[in-house]
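Student: Compact mmCIF, C-alpha atoms and all ligand atoms, saved as model.txt, coming up:
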# COMPACT_ATOMS: atom_id res chain seq x y z
CA MET A 1 183.38 -2.53 -21.83
CA LYS A 2 181.51 0.58 -20.73
CA ASN A 3 177.87 1.11 -21.63
CA PRO A 4 176.67 4.31 -23.41
CA ILE A 5 175.83 6.09 -20.12
CA GLU A 6 179.25 5.32 -18.63
CA ARG A 7 181.00 6.38 -21.82
CA VAL A 8 179.13 9.71 -22.05
CA VAL A 9 179.86 10.51 -18.39
CA ALA A 10 183.53 9.48 -18.63
CA GLU A 11 184.11 11.52 -21.79
CA ALA A 12 181.80 14.53 -21.53
CA SER A 13 182.64 15.26 -17.88
CA ARG A 14 186.15 16.21 -19.00
CA CYS A 15 184.89 19.21 -21.03
CA VAL A 16 186.53 22.41 -19.84
CA TYR A 17 184.30 24.65 -22.00
CA CYS A 18 187.32 26.03 -23.87
CA GLY A 19 185.49 26.19 -27.18
CA PHE A 20 188.50 25.13 -29.27
CA CYS A 21 186.27 22.56 -30.98
CA GLU A 22 183.70 25.05 -32.21
CA PRO A 23 185.48 26.64 -35.22
CA LEU A 24 185.86 23.20 -36.82
CA CYS A 25 182.17 22.32 -36.70
CA PRO A 26 180.23 22.74 -39.96
CA THR A 27 176.82 22.76 -38.26
CA LEU A 28 177.37 25.39 -35.57
CA ARG A 29 176.88 28.52 -37.67
CA PRO A 30 173.85 27.30 -39.66
CA GLY A 31 172.32 25.94 -36.48
CA GLY A 32 172.25 29.39 -34.95
CA HIS A 33 173.35 28.62 -31.41
CA ARG A 34 175.88 26.56 -29.45
CA GLY A 35 173.59 23.58 -29.14
CA TYR A 36 174.43 22.90 -32.77
CA GLY A 37 178.16 22.71 -32.10
CA PRO A 38 180.40 20.22 -30.30
CA ARG A 39 180.70 22.01 -26.97
CA GLY A 40 176.96 22.35 -26.72
CA ARG A 41 176.31 18.78 -27.82
CA VAL A 42 178.79 17.31 -25.33
CA ASN A 43 177.04 19.09 -22.51
CA ILE A 44 173.58 18.27 -23.86
CA ALA A 45 174.68 14.63 -23.81
CA LEU A 46 175.22 14.94 -20.05
CA LEU A 47 171.66 16.23 -19.73
CA VAL A 48 170.41 13.24 -21.71
CA VAL A 49 172.19 10.94 -19.24
CA LYS A 50 170.24 12.68 -16.47
CA GLY A 51 167.00 11.93 -18.29
CA TYR A 52 166.35 15.28 -19.93
CA ARG A 53 164.45 15.07 -23.22
CA SER A 54 163.10 17.76 -25.55
CA GLU A 55 162.57 18.42 -29.23
CA GLU A 56 165.50 20.84 -29.17
CA VAL A 57 167.78 18.18 -27.66
CA VAL A 58 166.82 15.74 -30.40
CA LYS A 59 167.47 18.38 -33.09
CA ALA A 60 170.84 19.34 -31.61
CA LEU A 61 172.06 15.75 -31.46
CA TYR A 62 170.65 14.53 -34.77
CA THR A 63 171.98 17.46 -36.84
CA CYS A 64 175.54 16.40 -35.97
CA LEU A 65 177.27 14.90 -39.00
CA LEU A 66 179.48 12.64 -36.81
CA CYS A 67 182.40 13.89 -38.91
CA ALA A 68 184.68 14.01 -35.82
CA ALA A 69 186.44 17.17 -37.03
CA CYS A 70 185.90 18.55 -33.52
CA ASN A 71 187.72 15.61 -31.92
CA THR A 72 191.02 16.81 -33.40
CA ALA A 73 190.87 20.16 -31.56
CA CYS A 74 189.87 19.00 -28.09
CA PRO A 75 192.68 19.42 -25.52
CA ALA A 76 190.83 17.08 -23.16
CA ARG A 77 190.90 14.43 -25.90
CA ILE A 78 187.18 13.83 -25.65
CA ASP A 79 185.73 11.55 -28.30
CA ILE A 80 183.07 14.14 -29.05
CA ALA A 81 181.52 12.34 -32.02
CA GLY A 82 181.40 9.15 -29.93
CA VAL A 83 179.65 11.02 -27.12
CA ILE A 84 177.05 12.30 -29.56
CA ARG A 85 176.55 8.83 -31.03
CA ASP A 86 176.05 7.37 -27.55
CA ALA A 87 173.63 10.17 -26.60
CA ARG A 88 171.56 9.31 -29.68
CA THR A 89 171.49 5.70 -28.54
CA LEU A 90 170.18 6.84 -25.17
CA LEU A 91 167.50 8.98 -26.83
CA SER A 92 166.30 6.01 -28.85
CA GLY A 93 166.20 3.69 -25.83
S1 LIG B 101 181.18 15.52 -35.24
FE1 LIG B 101 179.31 16.81 -35.06
S2 LIG B 101 179.85 18.31 -33.46
FE2 LIG B 101 181.79 17.44 -34.24
S3 LIG B 101 182.46 18.81 -35.92
FE3 LIG B 101 181.27 17.13 -36.86
S4 LIG B 101 179.17 17.98 -36.98
FE4 LIG B 101 180.28 19.25 -35.49
S1 LIG B 102 187.43 21.39 -27.18
FE1 LIG B 102 186.84 19.70 -25.80
S2 LIG B 102 187.07 20.58 -23.73
FE2 LIG B 102 187.02 22.30 -25.16
S3 LIG B 102 184.82 22.92 -25.25
FE3 LIG B 102 185.20 21.45 -26.93
S4 LIG B 102 184.61 19.47 -26.05
FE4 LIG B 102 184.92 20.86 -24.32
I need this file expressed as structure tokens, please.
Ligand code: SF4
Ligand code: SF4

Tutor:
Amino acid sequence: MKNPIERVVAEASRCVYCGFCEPLCPTLRPGGHRGYGPRGRVNIALLVVKGYRSEEVVKALYTCLLCAACNTACPARIDIAGVIRDARTLLSG
């Protein structure tokens, strides 16, 4: 069983930045920039693994609804909502 760091790296590293996930995300447009959408959050999660912390990172990750709508569009089959959940765990640790 992988730990949250291993899961984030294994999943998020497969992002090819295609953006197919973004139109399905209900928080991207109101958020105002890509950090409030799945592509941004997946890549922010990788920064969290590297130890990066900021108020903006917390906001980006905690405004996700964990609805997993984005998961259905990802050609790399990343569990995006799972990545975000694990990144939150890392932020709280
Ligand atoms: S799980 Fe989060 S990132 Fe994915 S579509 Fe829902 S709100 Fe957006
Ligand atoms: S659909 Fe998947 S691979 Fe494409 S940008 Fe979104 S998370 Fe990355």

Student: Which polymer residues, protein or nucleic acid, are no farther than 12 Å from (177.5, 13.1, -34.7), counting all atoms listed in the file, as a ChimeraX atom specification?

Tutor: /A:25-27,36-38,41-42,45,58-71,79-89

Student: Give me, please, the distance in Å between CA of Ala73 in chain A and CA of Lys50 in chain A, quoted to one decimal.

Tutor: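 These two atoms are separated by 26.6 Å.
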
Student: Could you tell me which of A:Arg29, A:Arg34, A:Arg7, A:Arg39 comes closest to ligand LIG 102 (chain B) if we count only C-alpha atoms and all ligand atoms?

Tutor: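 Going through A:Arg29, A:Arg34, A:Arg7, A:Arg39 one by one, the smallest distance to ligand LIG 102 (chain B) is for A:Arg39.
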
Student: Which residues form the shell of 7 Å around ligand LIG 102 (chain B) when you count only C-alpha atoms and all ligand atoms, given as an MDAnalysis selection string?

Tutor: chainID A and resid 14:22 38:39 42 73:78 80

Student: Show me, as lines of an AutoDock Vina configuration file, the centre and edge lengths in Å to one decimal of the axis-aligned box that covers every listed atom of ligand LIG 101 (chain B) with 4 Å on each side.

Tutor:
center_x = 180.8
center_y = 17.4
center_z = -35.2
size_x = 11.3
size_y = 11.7
size_z = 11.5

Student: Which residue out of A:Val8, A:Val49, A:Val57, A:Leu24 has the minimum interatomic distance to Thr72 in chain A when all atoms listed in the file are used?

Tutor: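 Answer, going by the shortest atom-to-atom distance: A:Leu24.
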
Student: Quote the spacing between CA of Asn3 in chain A and CA of Leu28 in chain A in Å to one decimal place.

Tutor: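 CA of Leu28 in chain A lies at a distance of 28.0 Å from CA of Asn3 in chain A.
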
Student: Kindly indicate which residue among A:Leu46, A:Tyr52, A:Gly31, A:Leu91 lies nearest to ligand LIG 101 (chain B), using only C-alpha atoms and all ligand atoms for the distances.

Tutor: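 Of A:Leu46, A:Tyr52, A:Gly31, A:Leu91, the one nearest ligand LIG 101 (chain B), counting only C-alpha atoms and all ligand atoms, is A:Gly31.
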
Student: Using CA of Gly32 in chain A and CA of Pro4 in chain A as the two end points, give the distance in Å to one decimal.

Tutor: 28.0 Å

Student: From the list A:Val48, A:Gly35, A:Ser92, A:Ala12, which residue is nearest ligand LIG 101 (chain B) when using only C-alpha atoms and all ligand atoms?

Tutor: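 That would be A:Gly35, the residue with the smallest distance to ligand LIG 101 (chain B).
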
Student: Which is closer to ligand LIG 101 (chain B) than all the others in A:Pro23, A:Glu56, A:His33, A:Glu6, using all atoms listed in the file?

Tutor: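 When distances to ligand LIG 101 (chain B) are compared using all atoms listed in the file, the smallest one comes from A:Pro23.
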
Student: Calculated over all atoms listed in the file, which of the candidates A:Ala10, A:Leu90, A:Ile5, A:Ile44 has the smallest distance to ligand LIG 101 (chain B)?

Tutor: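 Nearest to ligand LIG 101 (chain B): A:Ile44.
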
Student: Export chain A of the preceding structure, keeping C-alpha atoms, as a compact mmCIF listing (two decimals), in the first residue's frame.

Tutor:
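Generated output (selection.txt):
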# COMPACT_ATOMS: atom_id res chain seq x y z
CA MET A 1 0.00 0.00 0.00
CA LYS A 2 1.51 3.31 -1.08
CA ASN A 3 1.62 6.28 1.27
CA PRO A 4 0.19 9.70 0.26
CA ILE A 5 3.54 10.98 -1.07
CA GLU A 6 4.07 7.87 -3.22
CA ARG A 7 0.50 8.03 -4.50
CA VAL A 8 0.74 11.73 -5.46
CA VAL A 9 4.04 11.18 -7.28
CA ALA A 10 2.83 8.03 -9.06
CA GLU A 11 -0.40 9.67 -10.21
CA ALA A 12 0.43 13.34 -10.74
CA SER A 13 3.70 12.67 -12.58
CA ARG A 14 1.65 11.22 -15.44
CA CYS A 15 -0.01 14.58 -16.21
CA VAL A 16 0.63 15.59 -19.80
CA TYR A 17 -0.88 19.08 -19.36
CA CYS A 18 -3.52 18.39 -22.01
CA GLY A 19 -6.21 20.31 -20.17
CA PHE A 20 -9.02 17.90 -21.09
CA CYS A 21 -10.01 17.83 -17.42
CA GLU A 22 -10.55 21.56 -17.10
CA PRO A 23 -13.95 22.06 -18.80
CA LEU A 24 -15.53 19.59 -16.36
CA CYS A 25 -14.41 21.40 -13.22
CA PRO A 26 -17.02 23.57 -11.48
CA THR A 27 -14.46 25.56 -9.49
CA LEU A 28 -12.06 26.63 -12.24
CA ARG A 29 -14.01 29.58 -13.62
CA PRO A 30 -15.08 31.07 -10.27
CA GLY A 31 -11.58 30.55 -8.93
CA GLY A 32 -10.14 32.83 -11.58
CA HIS A 33 -7.03 30.91 -12.55
CA ARG A 34 -5.79 27.40 -13.29
CA GLY A 35 -4.82 26.71 -9.71
CA TYR A 36 -8.53 26.29 -9.06
CA GLY A 37 -8.90 23.54 -11.66
CA PRO A 38 -7.73 19.93 -11.87
CA ARG A 39 -4.64 20.45 -14.01
CA GLY A 40 -3.38 23.15 -11.70
CA ARG A 41 -4.21 21.19 -8.56
CA VAL A 42 -2.46 18.03 -9.78
CA ASN A 43 0.70 20.00 -10.38
CA ILE A 44 0.35 21.95 -7.13
CA ALA A 45 0.16 18.57 -5.39
CA LEU A 46 3.63 17.78 -6.77
CA LEU A 47 4.89 21.03 -5.26
CA VAL A 48 3.36 20.04 -1.91
CA VAL A 49 5.30 16.76 -2.07
CA LYS A 50 8.46 18.83 -2.50
CA GLY A 51 7.61 20.77 0.65
CA TYR A 52 6.15 23.92 -0.88
CA ARG A 53 3.50 25.61 1.27
CA SER A 54 1.58 28.87 0.84
CA GLU A 55 -1.83 30.35 1.52
CA GLU A 56 -2.61 30.13 -2.20
CA VAL A 57 -1.73 26.42 -2.26
CA VAL A 58 -4.06 25.78 0.66
CA LYS A 59 -6.87 27.72 -1.06
CA ALA A 60 -6.38 25.91 -4.36
CA LEU A 61 -6.51 22.47 -2.77
CA TYR A 62 -9.28 23.11 -0.26
CA THR A 63 -11.69 24.71 -2.77
CA CYS A 64 -11.80 21.41 -4.69
CA LEU A 65 -15.16 19.70 -4.22
CA LEU A 66 -13.62 16.21 -4.65
CA CYS A 67 -16.45 15.53 -7.10
CA ALA A 68 -14.10 13.56 -9.41
CA ALA A 69 -15.79 14.87 -12.56
CA CYS A 70 -12.29 15.62 -13.87
CA ASN A 71 -11.20 12.00 -13.43
CA THR A 72 -13.54 10.92 -16.24
CA ALA A 73 -11.79 13.13 -18.82
CA CYS A 74 -8.15 12.35 -18.06
CA PRO A 75 -6.45 10.33 -20.83
CA ALA A 76 -3.63 9.45 -18.42
CA ARG A 77 -6.25 7.97 -16.07
CA ILE A 78 -4.99 9.97 -13.13
CA ASP A 79 -7.10 9.76 -10.00
CA ILE A 80 -7.15 13.54 -9.79
CA ALA A 81 -9.55 13.78 -6.86
CA GLY A 82 -7.46 11.20 -5.00
CA VAL A 83 -4.31 13.22 -5.66
CA ILE A 84 -5.97 16.31 -4.23
CA ARG A 85 -7.19 14.39 -1.19
CA ASP A 86 -3.68 13.06 -0.57
CA ALA A 87 -2.16 16.53 -1.01
CA ARG A 88 -4.55 17.83 1.66
CA THR A 89 -3.37 15.06 3.96
CA LEU A 90 0.21 16.18 3.38
CA LEU A 91 -0.70 19.80 4.10
CA SER A 92 -2.26 18.81 7.41
CA GLY A 93 0.71 16.66 8.45
